[in-house]
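Novice: Below are the structure tokens for one structure; questions will follow.
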Number of protein chains: 4
Amino acid sequence: MSILIKDGILVDANDSIKGDLLIEDGRIIKAAAKIDTSEAKQVLDAKGCYVMPGGIDPHCHMQLPFMGTVASDDFFTGTRAALAGGTTTQIDFIVPNPEQSMLDALKQWSGWAEKACADYSFHMAVTWWGDKTAAEMDEIVNKQGINSFKHFMAYKNAIMVNDEIMMNSFIQSRELGAICLIHAENGELVARKQEELLAQGITGPEGHPLSRPPEVEGEAANRAIVFADEVGVPVYIVHTSCKPAVEAISRARRKGMCVIGEALIGHLLVDESVYWNEDWEFAAAHVMSPPFRAKGHQEVLWDSINNGDLSVLGTDHCVFMHKQKANGKGDFTKIPNGTNGLQDRMHLFWNFGVNTGRINMNQFVALTSTNAARIFNMYPQKGSLIEGTDADVVVWDPKAERTISVKEHLQNVDFNVFEGTKVTGINRWTIANGKIVFADGKANVEEGAGKFVARKPFAPMFDNLRTRVKVRQPQAVARR
Amino acid sequence: MSILIKDGILVDANDSIKGDLLIEDGRIIKAAAKIDTSEAKQVLDAKGCYVMPGGIDPHCHMQLPFMGTVASDDFFTGTRAALAGGTTTQIDFIVPNPEQSMLDALKQWSGWAEKACADYSFHMAVTWWGDKTAAEMDEIVNKQGINSFKHFMAYKNAIMVNDEIMMNSFIQSRELGAICLIHAENGELVARKQEELLAQGITGPEGHPLSRPPEVEGEAANRAIVFADEVGVPVYIVHTSCKPAVEAISRARRKGMCVIGEALIGHLLVDESVYWNEDWEFAAAHVMSPPFRAKGHQEVLWDSINNGDLSVLGTDHCVFMHKQKANGKGDFTKIPNGTNGLQDRMHLFWNFGVNTGRINMNQFVALTSTNAARIFNMYPQKGSLIEGTDADVVVWDPKAERTISVKEHLQNVDFNVFEGTKVTGINRWTIANGKIVFADGKANVEEGAGKFVARKPFAPMFDNLRTRVKVRQPQAVARR
Amino acid sequence: MSILIKDGILVDANDSIKGDLLIEDGRIIKAAAKIDTSEAKQVLDAKGCYVMPGGIDPHCHMQLPFMGTVASDDFFTGTRAALAGGTTTQIDFIVPNPEQSMLDALKQWSGWAEKACADYSFHMAVTWWGDKTAAEMDEIVNKQGINSFKHFMAYKNAIMVNDEIMMNSFIQSRELGAICLIHAENGELVARKQEELLAQGITGPEGHPLSRPPEVEGEAANRAIVFADEVGVPVYIVHTSCKPAVEAISRARRKGMCVIGEALIGHLLVDESVYWNEDWEFAAAHVMSPPFRAKGHQEVLWDSINNGDLSVLGTDHCVFMHKQKANGKGDFTKIPNGTNGLQDRMHLFWNFGVNTGRINMNQFVALTSTNAARIFNMYPQKGSLIEGTDADVVVWDPKAERTISVKEHLQNVDFNVFEGTKVTGINRWTIANGKIVFADGKANVEEGAGKFVARKPFAPMFDNLRTRVKVRQPQAVARR
Amino acid sequence: MSILIKDGILVDANDSIKGDLLIEDGRIIKAAAKIDTSEAKQVLDAKGCYVMPGGIDPHCHMQLPFMGTVASDDFFTGTRAALAGGTTTQIDFIVPNPEQSMLDALKQWSGWAEKACADYSFHMAVTWWGDKTAAEMDEIVNKQGINSFKHFMAYKNAIMVNDEIMMNSFIQSRELGAICLIHAENGELVARKQEELLAQGITGPEGHPLSRPPEVEGEAANRAIVFADEVGVPVYIVHTSCKPAVEAISRARRKGMCVIGEALIGHLLVDESVYWNEDWEFAAAHVMSPPFRAKGHQEVLWDSINNGDLSVLGTDHCVFMHKQKANGKGDFTKIPNGTNGLQDRMHLFWNFGVNTGRINMNQFVALTSTNAARIFNMYPQKGSLIEGTDADVVVWDPKAERTISVKEHLQNVDFNVFEGTKVTGINRWTIANGKIVFADGKANVEEGAGKFVARKPFAPMFDNLRTRVKVRQPQAVARR
């Protein structure tokens, strides 16, 4: 089965060129100025459209067991929503319980993921440290196709890691050629703020942002970055939401440190006023960590996206129904953390990014797809339009519109934090592994069609860091 | 005549992929994993080598009439040296005398350039403002293939422009889709410092850096950037040499402003101690503006190259013989300003950049070639390995060595500021417009083979700035 | 006539100590823990009150001829309002017309000031440069008791100075031991913005802030600071209103540069939304330069006051009646620039500064009085409670209240930009030169009682800058 | 016994005024322009000299049991050296062993201190946390006259505190009105660096700075500051040695946070090259934490002293003989940490600070004395020349000289890190509690004459922080 995308503009992270794209057997076969229609069975007329690599969401959680409940989008509904939104690959997080083996957890998640209709990969969380952890990390990297480890600096008395565990993991990651991901919030500070707020009688959702002020995130980001730089391992700060965290990243990058910053679409567009809404259900529906921030932070995030300090756009999609959120009535610390975005990310980013001139189309592709592919070492298989690679493609109609709403979305949750937002510029078609899985507003997916994407260590992107570490090794002084 | 470059690694600004490259009739015909040797007349064995786009030097001056003398490399010797060093395109500056017409000056420079053996283009300097200047800028852009205007904020009472002229030019450049280049030094401050130093009896070359301290550059960079941002035109700071200037660029970029920073190879490697050398001739041979800086500035420059705040590497190659430099005996303000680099730039940058892990190979290509091509709108014709574009290619042998010296260089000058530096990693072959012009240490050039590269306005790279300017237009308030 | 202030807390810029204060013949005679009531004819019961040095407003304009009209508060009404608000000394600006002699202008201003009821001094503006300017500056400093020169970087084609004049003046100021004041806005940028806005049909007061965006102020502040640092003269940035300007000051101070930042009470409290008010008269009444800024800037100003980057609080009091403002109907560039504050400054600063914990009482005194006295070299005569110095004192009742309004104020203007603000903590008594000039809400002033305060050059506060300049003089290299 | 200091210039943290100073019964009785010689038994001729408050060293360790040995200056020899150097009060640190009661440790230290010949006070270290710690802190503050708690973020597995203990202590300190001191180095990072370096065969003193790079200090400073700001307690970073730590302090202060930075005289003048000295004994003699830094850091420290980001100058005097240092032969982690400075601090600071124009005399007093007195709440008893306060005074001869050397110093250690430095400007007399204890180069001290200085909580200096905390308390949202 072959598909020819005709007369569009081929847009990748670097260039925008008029041309056609031929797909066959799940691969991109040819990209050229002109390809004859006779070469394909099916021709898609992409006149006036942009043809781009399918999106990669580097940060989401399907059916995550969390805070006593389970996220309501599973690997089927979640990947379906993703495809509808132009995202053809997503990276989920395996989060072992403390004391649980990584391999055991991997088995669990792999089982859950069997019904995925889009390709996916996994990050592995380091949530505790035991005698076998180092060896398990080795197996995870060298046999299981996972090259990224996540560290939660928050969630004290649960999955939070202290400095010692973080150092253990960073050093081992350096040896294995893995990258270290960081949830940057100081868990000790958050825990004490929560205590104090509850003691003061602040029990509603406004307690959530009050217990996690921006400096709490900035501190953790700064600490993790210093650790990584001293160890000599690449570090990736997930869901950077505020000025202090951006500044920590930016300072480090100014000093030549190897730091990647990830933004979430939600933090770019939603502000913290939602938590002071009089309607508990509305306020609670926005609870996620780090929380949405005061408006002033958003412009900083956008500027950082433009200047490269933030170079990846994710969602942290992790959704809970109102009735799940209700667990936290009377105690904001019990509201399950998480909001949506998987289906909406690319639409919103185009509308508020490209249409406003904050970014150009190539940055759009870089941020939503290519950069993640490079960082997590699945480039050019994913994130490119290079011949021979996976045929994950979106055909983007810059004039088409969508009004985002819980009424029309495919995300399995009864709320949408972007409710009512009208966007201009959306995908007309999504092609995943050579198949049209979304066309003109309709998803046409197959359960189980998605496959695990194995990712090797030592991503070329970080070669020069490794050279640097070697070249700068200190020497002992010869003494009298 | 076709050439096949076999078994190398094709390296561009984004990717490094094993493959072959076929060249014919001055064009790159094919880049593929494997191309049959039968397809070409000549086969170059690139095993163990990197095949990269030829270098672009965005900043040099051949036979420039300056400070009462003329730079000693002309368009023949200069372009020959460039080709020997892997640079296949260079952009020179047309600098009209005050009161001279831009078109008239263009004619002069075009005449001088006829003997060039490598491709070249021109920036046009705005050195004064008259009734016809705006119209001439229009013709320069729309008929003469030049889309970049240079502004000297230094050289008071000569070619320095004041704020008013700078604004005139920036506004007109925005309308024309041109980019504004800035020599950032506050000319008033320099002039007063020179006066004071001479009055204090400091007449030797050490007076040169003392009269142009780093803050003088930082101030001017900051001012030009603010002007450009308020006008809404892209701005490009040439020869960024020091921390204050880098910080001005970095601050602006953090705020999402559209600023490009250029570094020179010399500032990365030579420090200001040379000016205090007891040997006048040695010290004077290093006089250029901005001067070489105290060592601390170099690490900042390298970090900025790594993080993107500086994204182009040039030379400001503008050489004078010892006897010309001697004009400034007894008065440092009369030492002709300029040093070499055209032949040495890529060798040094590889050795001190790639070999040390400060940058990777793709950054090397981006900084020495592709970024300049994009910014000055000659991409992908120049700066890429894309099929159909000009066959300007270097085959880089990472193990080959060169010891830079006035004794072996092709630069027409009796001094080399990098004298004695041994570098590992140099070009084995340089191919320009499909012809082998340098092979295994020998140049084989043809006078007049180089052609003018016309560059159109409205470089796509700045599309989003233009969108932003439109979207943010203010509106009048309706009043009672 | 002697006055004993009994049982208050004596607060100066450093300490807060319970005690009494005895005044006689216009001088502070004694400050001690306990002074017997028999020592004075009149006893003021200051129980529960703070006894502080009278305020100094370093920045105001009485009856200034400006933009085709004359500011409506004259030296009588203005100083009366000042005394009512606790300010016992004010420094006005002599602004010679271009081509006018400084001495001639001094004569004019001195005549106008004869009716002042509070002490005053003058800054002298350098608005042009002629053959005699340097000599006149010398006379101004050494014979006329003025040690501070003001430079307008804005108001093109009127009183704006270019880089050359600024350098002339800075160098001469350094020689004379004077301090350089800067109105920091890039006049060229403002002029072009005004043109563009008018051309776009934006003629109302909203054009005012649009033509003077924050970066325009930041640029100028940065430039003046670099000039001053290179010359080696103290520099004082007046009316710092926004983040870019604060950052320029802060950066310089981080590098050890000698820079003083002045804030205005208006910029701390009023934001730019006023200019978009539908009522032209209301909007125009707020027109001053630099304009009031977006809210985000205010917190930066307060933080800078707390950390010392801004160390003086002024008003730039320069008022115009509605009918004068009306000159700018249809063209915002013709609205006379200026707003009130002389009577309200200390009340507002206490209420929004001390009451909120942003500053403490000693900082209050430092910012409203002592720092200005030191900087402009009238300390300890002014700005202190030291025995033997001028008896300029306020007795501050932290529980007393005032609601600021045009209906009750003594400022001669039919608008108040702080209208309706209720403040807690105001002066119960103001004593100027030993006389009670304000008591329990009533002014009791005498026309002509105010005297010119002569200020000598070489303020001790800047001694170390002068040492530094000497110690760091460069030396010529001995050459072979 | 009364002493009249005649004809000097009285210099305190604010002013420099010609005058005389009368001392009687251990108190300053009078400071006036002229005091009759008949009023005193002894007259000191201070012509050409500066009369200043005696120095306060906020940071030193007498006979500290540390790293398996005991610091060689005890409370007698140490305070004697201090008096010789003009320091009349010093604050030592009580460092309980883990599990040891604070009160018990206080008893130990108090016993040791009985032989002090100068006044002293104590900081209490929080080195572990138990059920009674909070209550003991209460007693320490409210009954034992100690208002400052020290926290070591380094020295893992010894006295290092983790985030939880730090939060416990900060919250309790806020309630008690105490200030939190921080040794800012990330102990986890240091420990891992030490391991790695030893494993690489780097066992000499150069391993010391390599294991404690600047970012390790910057990280810890940043973290402690964020904690303190979120809690609302004043924080004081001891021995700030490098750019990252200064920047953490400076960033926080720019945001209006309440942070005090302390510098050490050693870090201002000695650079890290000493650790690479071929002579082990020499290198080891310089081992202290944080280590001496690369030269570039020193200028940043000086600038920060000038701009207020660092506002206290200490020594961290903690000396060990060569034979004690020798414990670390073959393993740099075992070299006892500590160097001298108690006798040399004020001499060096005057010479390199005042004589060069980096600071003025009032800053000298503020940094060496008054600021510490205010911060630790013993002002004006200490740190001032106010009538009625302790007669701790130095008479400073700006022309007198000293060449610092182990051969002449009174510090009980066989090395001096400032060996051979010639300083101009030293104390001719030191007066402590009204007695002349040092005159013209000779100490004349009495064992046991020094007394403990009790310090109350809630230093007035931090009143506005406490107001701010109150005013900004969050409120719960009323919900439907």
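If you're wondering about the labels, chains in the structure tokens are A, B, ... by order shown, residues count from 1 in each chain, ligands from 1 in order shown.
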Given a cut-off of 6 Å, which residues of chain D touch chain A, counting only C-alpha atoms, written out as a PyMOL selection string?
Specialist: chain D and resi 202+219+223+278+476+479-480
Novice: Do a neighbour search on Gly341 (chain C) at 8 Å with only C-alpha atoms, toss out local chain neighbours closer than 3 positions, and write the hits as a ChimeraX atom specification.
Specialist: /C:265-266,315-317,344-345
Novice: I want to know what sits within 9 Å of Met62 (chain A), based on only C-alpha atoms, with residues of the same chain fewer than 2 positions away left out; could you give that as a list in words?
Specialist: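 Using only C-alpha atoms, the neighbours found are Cys60, Leu64, Val70, Ala71, Ser72, Asp73, Asp74, Phe75, Phe76, Thr77, Gly78, Thr79, Asp92, Phe93, Trp112, Ala113, His317, Cys318 and Val319 of chain A.
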Novice: What are the DSSP helix (DSSP H, G or I) residues of region 180-277 of chain D, as JSON, numbers by chain?
Specialist: {"D": [187, 188, 189, 190, 191, 192, 193, 194, 195, 196, 197, 198, 199, 207, 208, 209, 210, 214, 215, 216, 217, 218, 219, 220, 221, 222, 223, 224, 225, 226, 227, 228, 229, 230, 231, 243, 244, 245, 246, 247, 248, 249, 250, 251, 252, 253, 254, 265, 266, 267, 268, 269, 272, 273, 274, 275, 276]}
Novice: Mind checking DSSP for region 289-335 of chain A and telling me the strand (DSSP E or B) residues as a list in words?
Specialist: Arg293, Val312, Leu313, Gly314 and His317 of chain A
Novice: Find the residues around region 385-391 of chain A up to 12 Å (only C-alpha atoms counted), leave out those fewer than 3 positions away in its own chain, and share them as a ChimeraX atom specification.
Specialist: /A:2-5,9-17,19-32,51-55,88-89,119,365,369-370,378-382,394,430-437,451,453 /B:15,17,31-33
Novice: Rounded to one decimal, what separation in Å do you get between CA of His59 (chain A) and CA of Asp331 (chain A)?
Specialist: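 Between CA of His59 (chain A) and CA of Asp331 (chain A) the gap works out to 27.2 Å.
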Novice: Show which residues sit within 9 Å of Met67 (chain C), as a ChimeraX atom specification. Count only C-alpha atoms, and ignore same-chain residues fewer than 2 positions away.
Specialist: /C:65,69-70,334-337
Novice: Please indicate the distance in Å from CA of Asp392 (chain B) to CA of Ala263 (chain B), rounded to one decimal place.
Specialist: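 Going from CA of Asp392 (chain B) over to CA of Ala263 (chain B) covers 22.7 Å.
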